[in-house]
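See below for input_30.cif, which holds mmCIF, C-alpha atoms and all ligand atoms.
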```cif
data_final
loop_
_atom_site.group_PDB
_atom_site.id
_atom_site.type_symbol
_atom_site.label_atom_id
_atom_site.label_comp_id
_atom_site.auth_asym_id
_atom_site.auth_seq_id
_atom_site.Cartn_x
_atom_site.Cartn_y
_atom_site.Cartn_z
ATOM 1 C CA MET N 224 0.000 0.000 0.000
ATOM 2 C CA ARG N 225 2.730 2.337 1.071
ATOM 3 C CA ASN N 226 4.702 1.503 -2.049
ATOM 4 C CA GLN N 227 1.700 2.151 -4.183
ATOM 5 C CA ILE N 228 1.257 5.588 -2.650
ATOM 6 C CA LYS N 229 4.903 6.306 -3.164
ATOM 7 C CA ILE N 230 4.680 5.294 -6.776
ATOM 8 C CA ARG N 231 1.639 7.428 -7.224
ATOM 9 C CA THR N 232 3.303 10.382 -5.573
ATOM 10 C CA THR N 233 6.323 9.942 -7.767
ATOM 11 C CA TRP N 234 4.139 9.717 -10.846
ATOM 12 C CA ALA N 235 2.223 12.803 -9.761
ATOM 13 C CA GLY N 236 5.522 14.536 -9.028
ATOM 14 C CA GLY N 237 6.760 13.651 -12.507
ATOM 15 C CA TRP N 238 3.573 14.925 -14.062
ATOM 16 C CA ILE N 239 3.774 18.169 -12.096
ATOM 17 C CA SER N 240 7.408 18.727 -12.960
ATOM 18 C CA ASN N 241 6.635 18.090 -16.625
ATOM 19 C CA LEU N 242 3.848 20.625 -16.404
ATOM 20 C CA LEU N 243 6.185 23.071 -14.663
ATOM 21 C CA ALA N 244 8.775 22.581 -17.372
ATOM 22 C CA VAL N 245 6.176 23.323 -20.024
ATOM 23 C CA LEU N 246 4.957 26.378 -18.108
ATOM 24 C CA LEU N 247 8.528 27.620 -17.713
ATOM 25 C CA LEU N 248 8.998 27.289 -21.432
ATOM 26 C CA LEU N 249 5.880 29.337 -22.044
ATOM 27 C CA MET N 250 6.280 31.848 -19.236
ATOM 28 C CA PRO N 251 9.245 33.910 -20.386
ATOM 29 C CA VAL N 252 7.252 34.951 -23.452
ATOM 30 C CA ASN N 253 4.313 36.154 -21.396
ATOM 31 C CA ALA N 254 6.411 37.625 -18.611
ATOM 32 C CA HIS N 255 8.438 39.464 -21.233
ATOM 33 C CA ALA N 256 5.308 40.871 -22.834
ATOM 34 C CA GLN N 257 3.849 41.947 -19.468
ATOM 35 C CA GLN N 258 7.069 43.710 -18.456
ATOM 36 C CA HIS N 259 6.635 46.148 -21.300
ATOM 37 C CA ASP N 260 3.501 47.494 -19.687
ATOM 38 C CA ARG N 261 2.255 48.275 -23.153
ATOM 39 C CA SER N 262 -0.805 50.360 -23.792
ATOM 40 C CA VAL N 263 -2.846 51.223 -26.843
ATOM 41 C CA ALA N 264 -5.843 53.433 -27.619
ATOM 42 C CA PHE N 265 -8.388 52.168 -30.157
ATOM 43 C CA THR N 266 -9.494 54.773 -32.694
ATOM 44 C CA ILE N 267 -12.050 53.619 -35.256
ATOM 45 C CA ASP N 268 -12.548 55.629 -38.443
ATOM 46 C CA ASP N 269 -15.206 56.168 -41.099
ATOM 47 C CA LEU N 270 -18.303 55.849 -38.897
ATOM 48 C CA PRO N 271 -21.045 54.799 -38.978
ATOM 49 C CA ALA N 272 -19.431 52.228 -41.316
ATOM 50 C CA VAL N 273 -17.017 52.116 -44.236
ATOM 51 C CA ARG N 274 -19.652 50.752 -46.638
ATOM 52 C CA SER N 275 -22.610 52.968 -46.033
ATOM 53 C CA ARG N 276 -25.147 52.141 -48.724
ATOM 54 C CA ASP N 277 -27.222 49.731 -46.684
ATOM 55 C CA LEU N 278 -28.618 50.764 -43.303
ATOM 56 C CA GLU N 279 -29.129 47.193 -42.082
ATOM 57 C CA PHE N 280 -25.512 46.329 -42.917
ATOM 58 C CA MET N 281 -24.297 49.389 -41.002
ATOM 59 C CA ARG N 282 -26.451 48.371 -38.059
ATOM 60 C CA THR N 283 -24.914 44.888 -38.013
ATOM 61 C CA ILE N 284 -21.400 46.351 -38.008
ATOM 62 C CA THR N 285 -22.241 48.870 -35.283
ATOM 63 C CA ASP N 286 -23.871 46.251 -33.034
ATOM 64 C CA ARG N 287 -21.001 43.768 -33.382
ATOM 65 C CA LEU N 288 -18.261 46.372 -32.958
ATOM 66 C CA LEU N 289 -19.863 47.902 -29.893
ATOM 67 C CA SER N 290 -20.515 44.549 -28.291
ATOM 68 C CA GLY N 291 -16.885 43.483 -28.932
ATOM 69 C CA LEU N 292 -15.528 46.720 -27.477
ATOM 70 C CA LYS N 293 -17.808 46.531 -24.425
ATOM 71 C CA THR N 294 -16.936 42.895 -23.719
ATOM 72 C CA ALA N 295 -13.219 43.677 -23.890
ATOM 73 C CA GLN N 296 -13.719 46.938 -21.920
ATOM 74 C CA ILE N 297 -11.906 49.005 -24.507
ATOM 75 C CA PRO N 298 -12.439 52.783 -24.208
ATOM 76 C CA ALA N 299 -12.651 53.522 -27.937
ATOM 77 C CA ILE N 300 -13.342 56.645 -29.989
ATOM 78 C CA GLY N 301 -15.116 56.590 -33.351
ATOM 79 C CA PHE N 302 -14.465 59.184 -36.089
ATOM 80 C CA VAL N 303 -17.484 60.192 -38.133
ATOM 81 C CA ASN N 304 -18.112 61.138 -41.773
ATOM 82 C CA GLU N 305 -21.556 62.717 -41.567
ATOM 83 C CA VAL N 306 -22.065 62.458 -45.334
ATOM 84 C CA LYS N 307 -23.042 58.849 -44.614
ATOM 85 C CA LEU N 308 -26.021 59.982 -42.521
ATOM 86 C CA HIS N 309 -27.699 61.928 -45.289
ATOM 87 C CA VAL N 310 -29.726 59.319 -47.127
ATOM 88 C CA PRO N 311 -33.315 60.473 -47.776
ATOM 89 C CA GLY N 312 -35.646 59.236 -45.061
ATOM 90 C CA GLU N 313 -32.863 57.580 -43.042
ATOM 91 C CA LEU N 314 -31.222 60.471 -41.176
ATOM 92 C CA THR N 315 -32.829 59.582 -37.838
ATOM 93 C CA GLU N 316 -31.971 55.898 -38.012
ATOM 94 C CA ARG N 317 -28.453 56.554 -39.262
ATOM 95 C CA SER N 318 -27.882 59.121 -36.511
ATOM 96 C CA ALA N 319 -29.113 56.514 -34.016
ATOM 97 C CA LEU N 320 -26.105 54.372 -34.988
ATOM 98 C CA LEU N 321 -23.853 57.156 -33.726
ATOM 99 C CA ARG N 322 -25.963 57.633 -30.611
ATOM 100 C CA ALA N 323 -25.414 53.928 -29.868
ATOM 101 C CA TRP N 324 -21.674 54.633 -29.534
ATOM 102 C CA LEU N 325 -22.334 57.297 -26.907
ATOM 103 C CA ASP N 326 -24.991 55.203 -25.127
ATOM 104 C CA SER N 327 -22.413 52.414 -24.859
ATOM 105 C CA GLY N 328 -19.970 54.767 -23.138
ATOM 106 C CA PHE N 329 -17.696 55.502 -26.128
ATOM 107 C CA THR N 330 -16.954 58.872 -27.638
ATOM 108 C CA LEU N 331 -16.965 60.372 -31.130
ATOM 109 C CA GLY N 332 -14.739 62.675 -33.130
ATOM 110 C CA ASN N 333 -14.853 64.572 -36.434
ATOM 111 C CA HIS N 334 -13.290 62.981 -39.546
ATOM 112 C CA THR N 335 -14.645 65.718 -41.892
ATOM 113 C CA TYR N 336 -18.082 65.538 -43.496
ATOM 114 C CA GLY N 337 -17.078 63.975 -46.780
ATOM 115 C CA HIS N 338 -13.677 62.360 -46.080
ATOM 116 C CA LEU N 339 -11.823 64.944 -48.170
ATOM 117 C CA TRP N 340 -8.132 64.578 -48.897
ATOM 118 C CA PHE N 341 -6.411 67.690 -47.551
ATOM 119 C CA TYR N 342 -3.543 67.243 -50.006
ATOM 120 C CA GLU N 343 -5.688 68.190 -52.973
ATOM 121 C CA THR N 344 -8.459 70.235 -51.340
ATOM 122 C CA PRO N 345 -8.357 74.041 -51.114
ATOM 123 C CA LEU N 346 -7.932 75.116 -47.495
ATOM 124 C CA ASP N 347 -11.267 76.927 -47.297
ATOM 125 C CA VAL N 348 -13.166 73.958 -48.695
ATOM 126 C CA PHE N 349 -11.401 71.658 -46.237
ATOM 127 C CA LYS N 350 -12.262 73.938 -43.286
ATOM 128 C CA GLN N 351 -15.923 74.117 -44.373
ATOM 129 C CA ASP N 352 -16.010 70.324 -44.518
ATOM 130 C CA VAL N 353 -14.839 70.164 -40.900
ATOM 131 C CA ILE N 354 -17.648 72.526 -39.836
ATOM 132 C CA LYS N 355 -20.204 70.641 -41.930
ATOM 133 C CA GLY N 356 -19.062 67.421 -40.237
ATOM 134 C CA GLU N 357 -19.831 68.734 -36.735
ATOM 135 C CA LYS N 358 -23.595 69.099 -36.981
ATOM 136 C CA VAL N 359 -25.034 65.740 -35.866
ATOM 137 C CA THR N 360 -21.977 64.522 -33.956
ATOM 138 C CA GLY N 361 -21.684 67.779 -31.998
ATOM 139 C CA THR N 362 -25.402 67.727 -31.126
ATOM 140 C CA LEU N 363 -25.279 64.097 -29.991
ATOM 141 C CA LEU N 364 -22.206 64.735 -27.833
ATOM 142 C CA ALA N 365 -23.734 67.900 -26.358
ATOM 143 C CA GLY N 366 -26.800 65.823 -25.422
ATOM 144 C CA LYS N 367 -24.467 63.781 -23.206
ATOM 145 C CA GLY N 368 -22.741 66.895 -21.873
ATOM 146 C CA LEU N 369 -19.590 66.041 -23.849
ATOM 147 C CA PRO N 370 -17.484 68.289 -26.104
ATOM 148 C CA LEU N 371 -16.617 67.466 -29.729
ATOM 149 C CA ARG N 372 -12.934 67.419 -29.035
ATOM 150 C CA TYR N 373 -11.009 65.262 -31.491
ATOM 151 C CA PHE N 374 -10.234 65.682 -35.163
ATOM 152 C CA ARG N 375 -8.796 62.927 -37.362
ATOM 153 C CA HIS N 376 -7.350 63.851 -40.763
ATOM 154 C CA PRO N 377 -8.737 61.689 -43.591
ATOM 155 C CA ARG N 378 -5.950 59.504 -45.043
ATOM 156 C CA LEU N 379 -3.784 60.939 -42.222
ATOM 157 C CA ASN N 380 -2.913 63.829 -44.506
ATOM 158 C CA THR N 381 -2.004 66.812 -42.332
ATOM 159 C CA GLY N 382 -1.439 69.213 -45.214
ATOM 160 C CA PRO N 383 0.283 69.681 -48.539
ATOM 161 C CA ASP N 384 2.786 72.249 -47.185
ATOM 162 C CA GLN N 385 3.842 74.014 -43.975
ATOM 163 C CA GLU N 386 1.775 77.136 -44.629
ATOM 164 C CA ARG N 387 -1.557 75.414 -45.196
ATOM 165 C CA ARG N 388 -0.861 72.972 -42.404
ATOM 166 C CA ALA N 389 -0.209 75.815 -39.930
ATOM 167 C CA LEU N 390 -3.303 77.735 -41.059
ATOM 168 C CA PHE N 391 -5.462 74.652 -40.704
ATOM 169 C CA GLU N 392 -4.076 73.815 -37.267
ATOM 170 C CA ALA N 393 -4.780 77.363 -36.091
ATOM 171 C CA PHE N 394 -8.353 76.883 -37.328
ATOM 172 C CA LEU N 395 -8.625 73.595 -35.413
ATOM 173 C CA GLN N 396 -7.332 75.273 -32.280
ATOM 174 C CA GLU N 397 -9.888 78.084 -32.629
ATOM 175 C CA ARG N 398 -12.618 75.469 -32.736
ATOM 176 C CA GLU N 399 -11.043 73.751 -29.690
ATOM 177 C CA TYR N 400 -10.073 70.575 -31.479
ATOM 178 C CA THR N 401 -7.247 68.243 -30.532
ATOM 179 C CA ILE N 402 -5.644 66.371 -33.431
ATOM 180 C CA ALA N 403 -5.972 62.611 -33.049
ATOM 181 C CA PRO N 404 -2.616 61.109 -34.069
ATOM 182 C CA VAL N 405 -1.946 57.505 -35.132
ATOM 183 C CA THR N 406 1.207 55.588 -34.271
ATOM 184 C CA ILE N 407 0.027 52.122 -35.353
ATOM 185 C CA ASP N 408 -0.928 52.650 -38.975
ATOM 186 C CA ASN N 409 -1.681 49.635 -41.153
ATOM 187 C CA ASP N 410 -3.376 48.472 -44.357
ATOM 188 C CA GLU N 411 -6.267 46.737 -42.624
ATOM 189 C CA TYR N 412 -8.648 48.254 -45.184
ATOM 190 C CA VAL N 413 -7.251 45.897 -47.866
ATOM 191 C CA TYR N 414 -8.067 42.879 -45.664
ATOM 192 C CA ALA N 415 -11.482 44.411 -44.976
ATOM 193 C CA LEU N 416 -12.239 44.720 -48.680
ATOM 194 C CA ALA N 417 -11.127 41.122 -49.346
ATOM 195 C CA TYR N 418 -13.248 39.958 -46.382
ATOM 196 C CA TYR N 419 -16.254 41.911 -47.650
ATOM 197 C CA ASN N 420 -15.919 40.358 -51.117
ATOM 198 C CA ALA N 421 -15.741 36.859 -49.611
ATOM 199 C CA TRP N 422 -18.803 37.636 -47.454
ATOM 200 C CA ARG N 423 -20.723 38.923 -50.488
ATOM 201 C CA ASP N 424 -19.862 35.705 -52.371
ATOM 202 C CA LYS N 425 -20.883 33.620 -49.311
ATOM 203 C CA GLU N 426 -17.394 32.059 -49.176
ATOM 204 C CA THR N 427 -17.337 31.184 -45.483
ATOM 205 C CA GLU N 428 -14.117 29.196 -45.577
ATOM 206 C CA LEU N 429 -12.335 32.030 -47.382
ATOM 207 C CA MET N 430 -13.684 34.550 -44.854
ATOM 208 C CA ASN N 431 -12.128 32.462 -42.054
ATOM 209 C CA ARG N 432 -8.768 32.316 -43.847
ATOM 210 C CA ILE N 433 -8.756 36.077 -44.462
ATOM 211 C CA GLY N 434 -9.798 36.760 -40.858
ATOM 212 C CA SER N 435 -7.107 34.636 -39.267
ATOM 213 C CA ASP N 436 -4.426 36.005 -41.611
ATOM 214 C CA TYR N 437 -5.610 39.510 -40.691
ATOM 215 C CA VAL N 438 -4.918 38.877 -37.002
ATOM 216 C CA SER N 439 -1.403 37.604 -37.683
ATOM 217 C CA TYR N 440 -0.780 40.544 -40.051
ATOM 218 C CA MET N 441 -1.815 42.943 -37.261
ATOM 219 C CA SER N 442 0.512 41.098 -34.885
ATOM 220 C CA ASP N 443 3.359 41.750 -37.382
ATOM 221 C CA ILE N 444 2.297 45.397 -37.628
ATOM 222 C CA PHE N 445 2.472 45.806 -33.850
ATOM 223 C CA GLY N 446 5.832 44.004 -33.784
ATOM 224 C CA PHE N 447 7.143 46.381 -36.446
ATOM 225 C CA TYR N 448 5.951 49.536 -34.664
ATOM 226 C CA GLU N 449 7.172 48.327 -31.245
ATOM 227 C CA THR N 450 10.704 47.888 -32.642
ATOM 228 C CA PHE N 451 10.455 51.102 -34.649
ATOM 229 C CA SER N 452 9.331 53.007 -31.507
ATOM 230 C CA ARG N 453 12.348 51.813 -29.543
ATOM 231 C CA ARG N 454 14.662 52.803 -32.376
ATOM 232 C CA ILE N 455 13.154 56.257 -32.863
ATOM 233 C CA ILE N 456 12.286 57.380 -29.326
ATOM 234 C CA GLY N 457 14.088 54.786 -27.226
ATOM 235 C CA ARG N 458 10.918 53.239 -25.814
ATOM 236 C CA GLU N 459 7.372 52.263 -26.710
ATOM 237 C CA PRO N 460 4.911 55.118 -26.174
ATOM 238 C CA ALA N 461 1.241 54.656 -25.367
ATOM 239 C CA GLN N 462 0.271 53.666 -28.912
ATOM 240 C CA THR N 463 -2.678 54.930 -30.939
ATOM 241 C CA LEU N 464 -4.187 52.330 -33.252
ATOM 242 C CA LEU N 465 -6.186 53.147 -36.374
ATOM 243 C CA ILE N 466 -8.752 50.659 -37.640
ATOM 244 C CA HIS N 467 -12.036 51.160 -39.494
ATOM 245 C CA ALA N 468 -15.705 50.462 -38.828
ATOM 246 C CA ASN N 469 -16.017 47.494 -41.188
ATOM 247 C CA LEU N 470 -17.325 43.935 -41.158
ATOM 248 C CA LEU N 471 -13.857 42.456 -40.693
ATOM 249 C CA ASN N 472 -13.290 44.273 -37.392
ATOM 250 C CA ALA N 473 -16.888 43.689 -36.326
ATOM 251 C CA ASP N 474 -16.230 39.938 -36.654
ATOM 252 C CA TYR N 475 -12.569 39.784 -35.616
ATOM 253 C CA LEU N 476 -12.324 42.297 -32.772
ATOM 254 C CA PRO N 477 -12.255 39.568 -30.081
ATOM 255 C CA HIS N 478 -9.347 37.859 -31.906
ATOM 256 C CA LEU N 479 -7.513 41.166 -32.296
ATOM 257 C CA VAL N 480 -7.977 41.850 -28.586
ATOM 258 C CA ARG N 481 -6.648 38.411 -27.620
ATOM 259 C CA MET N 482 -3.562 38.936 -29.811
ATOM 260 C CA LEU N 483 -2.919 42.327 -28.172
ATOM 261 C CA ARG N 484 -3.382 40.968 -24.644
ATOM 262 C CA ASP N 485 -0.836 38.253 -25.487
ATOM 263 C CA ARG N 486 1.598 40.999 -26.516
ATOM 264 C CA GLY N 487 1.112 42.599 -23.090
ATOM 265 C CA TYR N 488 -1.209 45.462 -24.042
ATOM 266 C CA GLN N 489 -3.765 47.155 -21.906
ATOM 267 C CA PHE N 490 -6.398 49.395 -23.428
ATOM 268 C CA VAL N 491 -6.491 53.098 -22.679
ATOM 269 C CA SER N 492 -8.582 56.001 -23.921
ATOM 270 C CA LEU N 493 -7.200 58.448 -26.482
ATOM 271 C CA ASP N 494 -7.072 61.095 -23.703
ATOM 272 C CA GLU N 495 -4.888 58.806 -21.613
ATOM 273 C CA ALA N 496 -2.630 57.828 -24.520
ATOM 274 C CA LEU N 497 -2.010 61.475 -25.437
ATOM 275 C CA GLU N 498 -0.711 62.175 -21.934
ATOM 276 C CA ASP N 499 2.415 60.352 -23.126
ATOM 277 C CA PRO N 500 5.094 63.041 -23.695
ATOM 278 C CA ALA N 501 6.012 61.385 -27.009
ATOM 279 C CA TYR N 502 3.027 63.154 -28.543
ATOM 280 C CA SER N 503 4.654 66.533 -28.040
ATOM 281 C CA LEU N 504 7.711 65.556 -30.104
ATOM 282 C CA PRO N 505 8.248 67.772 -33.162
ATOM 283 C CA ASP N 506 6.421 66.762 -36.322
ATOM 284 C CA THR N 507 7.557 68.855 -39.266
ATOM 285 C CA TYR N 508 6.347 66.557 -42.046
ATOM 286 C CA THR N 509 3.998 67.775 -44.757
ATOM 287 C CA GLY N 510 3.307 66.171 -48.115
ATOM 288 C CA ARG N 511 1.346 63.534 -49.879
ATOM 289 C CA THR N 512 1.872 60.456 -47.707
ATOM 290 C CA GLY N 513 -0.314 59.819 -44.667
ATOM 291 C CA PHE N 514 2.515 58.638 -42.455
ATOM 292 C CA SER N 515 2.125 57.298 -38.912
ATOM 293 C CA TRP N 516 3.282 59.704 -36.191
ATOM 294 C CA LEU N 517 6.270 57.459 -35.528
ATOM 295 C CA HIS N 518 7.358 58.004 -39.124
ATOM 296 C CA ARG N 519 6.775 61.759 -38.697
ATOM 297 C CA TRP N 520 8.929 61.864 -35.568
ATOM 298 C CA ALA N 521 11.651 59.883 -37.366
ATOM 299 C CA ILE N 522 11.534 62.263 -40.357
ATOM 300 C CA SER N 523 11.608 65.314 -38.061
ATOM 301 C CA MET N 524 14.657 63.915 -36.231
ATOM 302 C CA GLY N 525 16.386 63.169 -39.529
ATOM 303 C CA LYS N 526 16.381 59.440 -38.760
ATOM 304 C CA ASP N 527 15.878 56.640 -41.289
ATOM 305 C CA HIS N 528 12.451 55.177 -41.503
ATOM 306 C CA GLU N 529 11.291 51.991 -43.110
ATOM 307 C CA SER N 530 7.919 50.862 -44.482
ATOM 308 C CA GLN N 531 5.491 48.919 -42.345
ATOM 309 C CA PRO N 532 4.821 45.262 -43.278
ATOM 310 C CA GLY N 533 2.768 44.930 -46.477
ATOM 311 C CA VAL N 534 -0.393 42.968 -47.217
ATOM 312 C CA PRO N 535 0.251 39.580 -48.908
ATOM 313 C CA GLU N 536 -0.563 39.352 -52.589
ATOM 314 C CA TRP N 537 -3.297 36.715 -52.188
ATOM 315 C CA ILE N 538 -5.270 39.188 -50.033
ATOM 316 C CA THR N 539 -4.771 42.030 -52.517
ATOM 317 C CA LYS N 540 -6.007 39.765 -55.312
ATOM 318 C CA ILE N 541 -9.248 39.028 -53.455
ATOM 319 C CA ALA N 542 -9.681 42.705 -52.565
ATOM 320 C CA TRP N 543 -9.283 43.852 -56.173
ATOM 321 C CA PRO N 544 -10.005 40.819 -58.386
HETATM 322 ZN ZN ZN M 1 -11.002 57.663 -42.936
#
```

Using structure tokens, write down the structure that the file contains.
Ligand SMILES: [Zn+2]
Amino acid sequence: MRNQIKIRTTWAGGWISNLLAVLLLLMPVNAHAQQHDRSVAFTIDDLPAVRSRDLEFMRTITDRLLSGLKTAQIPAIGFVNEVKLHVPGELTERSALLRAWLDSGFTLGNHTYGHLWFYETPLDVFKQDVIKGEKVTGTLLAGKGLPLRYFRHPRLNTGPDQERRALFEAFLQEREYTIAPVTIDNDEYVYALAYYNAWRDKETELMNRIGSDYVSYMSDIFGFYETFSRRIIGREPAQTLLIHANLLNADYLPHLVRMLRDRGYQFVSLDEALEDPAYSLPDTYTGRTGFSWLHRWAISMGKDHESQPGVPEWITKIAWP
């Protein structure tokens, strides 16, 4: 009997030490990630949804995105293009999609009315488009006692030259806007288009393949910008992530969140992220390209900068067949 117990104990001991060995193998990865104390703010562009022709489709995206964000307790901000609200007879219901963001505890910002590209838009027209884009969003926010505080440049274009950039920023300041920067830029919209095409063609298996490749692509993007951050500013700032209100993110947000948690991220609001002193580094870049702020800081410091990881060709081919 005694022997039996001993054997059992030994077996159990062996099993436990095997388990410990496995855990030890796994732990350094996690412990390493946690040590970084990484944080990221979610900013979601092109609200109510990227593809805005069908109200029901927009409602599906809004519901899924909001439920994913709430479940993961992510304090997100959504950037609105009010042009998408103005479909005859649907203004109330389309505006209700935006109200749902506020009712769920999230906030909204201005992304211009019609998603104009500053680079080729006269300054006055661009300014008017900002004002035109405040109407519904500003009213909804005011109803909650909140200010319309953040502005996100379409295509991240901050101006064709220094003069127009400075004039526009003075205008934003007058209207009490804070510019919403992006450090984690990416080409998620290409995946989203491929995913949409697969959804339209009812290709479920293909949708799954695109979705899981999307999550690993975003993991590579974060890896790239983490390394790039350390090279440019010597550490990883509180990051600001740009994604869009599309079906891909509506479906894959929980997977994206899991990937980020595994990399050691916690989720902060844009307000909190911008408290990071990195965001007051000089940014002297103007021009055609909508660079991430990390690229802008690198350019302003005269440091080399490299391109973020690209989208694989098989995804591009599905996006634009
Ligand atoms: Zn946009």

### Exercise: region 474-484 of chain N partners within 7 Å, only C-alpha atoms, chain neighbours under 5 positions left out, as a PyMOL selection string
chain N and resi 287+291+434+438+442+489

How would you report the residues lying within 7 Å of ligand ZN 1 (chain M), as a PDB file with C-alpha atoms, keeping the file's coordinate frame, if you count all atoms listed in the file?
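The resulting part-v5.pdb:
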```
ATOM      1  CA  ASP N 268     -12.548  55.629 -38.443  1.00  0.00           C
ATOM      2  CA  ASP N 269     -15.206  56.168 -41.099  1.00  0.00           C
ATOM      3  CA  HIS N 334     -13.290  62.981 -39.546  1.00  0.00           C
ATOM      4  CA  HIS N 338     -13.677  62.360 -46.080  1.00  0.00           C
ATOM      5  CA  PRO N 377      -8.737  61.689 -43.591  1.00  0.00           C
ATOM      6  CA  ARG N 378      -5.950  59.504 -45.043  1.00  0.00           C
TER       7      ARG N 378
END
```

### Query
Nearest to Gly510 (chain N) among N:Thr381, N:Ser523, N:Thr266, N:Thr330, with distances taken over all atoms listed in the file: which residue is it?
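Checking each of N:Thr381, N:Ser523, N:Thr266, N:Thr330 against Gly510 (chain N), counting all atoms listed in the file, the winner is N:Thr381.
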
#### Entry: Residue with smallest distance to Val534 (chain N) - pool N:Ala415, N:Ile267, N:Ala393, N:Leu369, counting all atoms listed in the file
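Going through N:Ala415, N:Ile267, N:Ala393, N:Leu369 one by one, the smallest distance to Val534 (chain N) is for N:Ala415.
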
### Residues matched by the PyMOL selection byres (((chain N and resi 416) around 10) and not hetatm), written as a PyMOL selection string
chain N and resi 273-274+411-415+417-422+469-471+538-539+541-543

So for region 484-498 of chain N, what box centre and size do we get, axis-aligned, 3 Å extra on each of the six sides, every listed atom, Å to one decimal, as JSON?
```
{"center_x": -3.5, "center_y": 50.2, "center_z": -24.1, "size_x": 16.2, "size_y": 29.9, "size_z": 10.9}
```

### Message
Restricting the calculation to all atoms listed in the file: of N:Leu292, N:Leu308, N:Leu379, N:Val359, which residue gets closest to Tyr508 (chain N)?
### Response
N:Leu379

### Query
In terms of the shortest atom-to-atom distance over all atoms listed in the file, which of N:Gly368, N:Gly332, N:Pro460, N:Pro345 is closest to Ile402 (chain N)?
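Smallest separation from Ile402 (chain N) among the options: N:Gly332.
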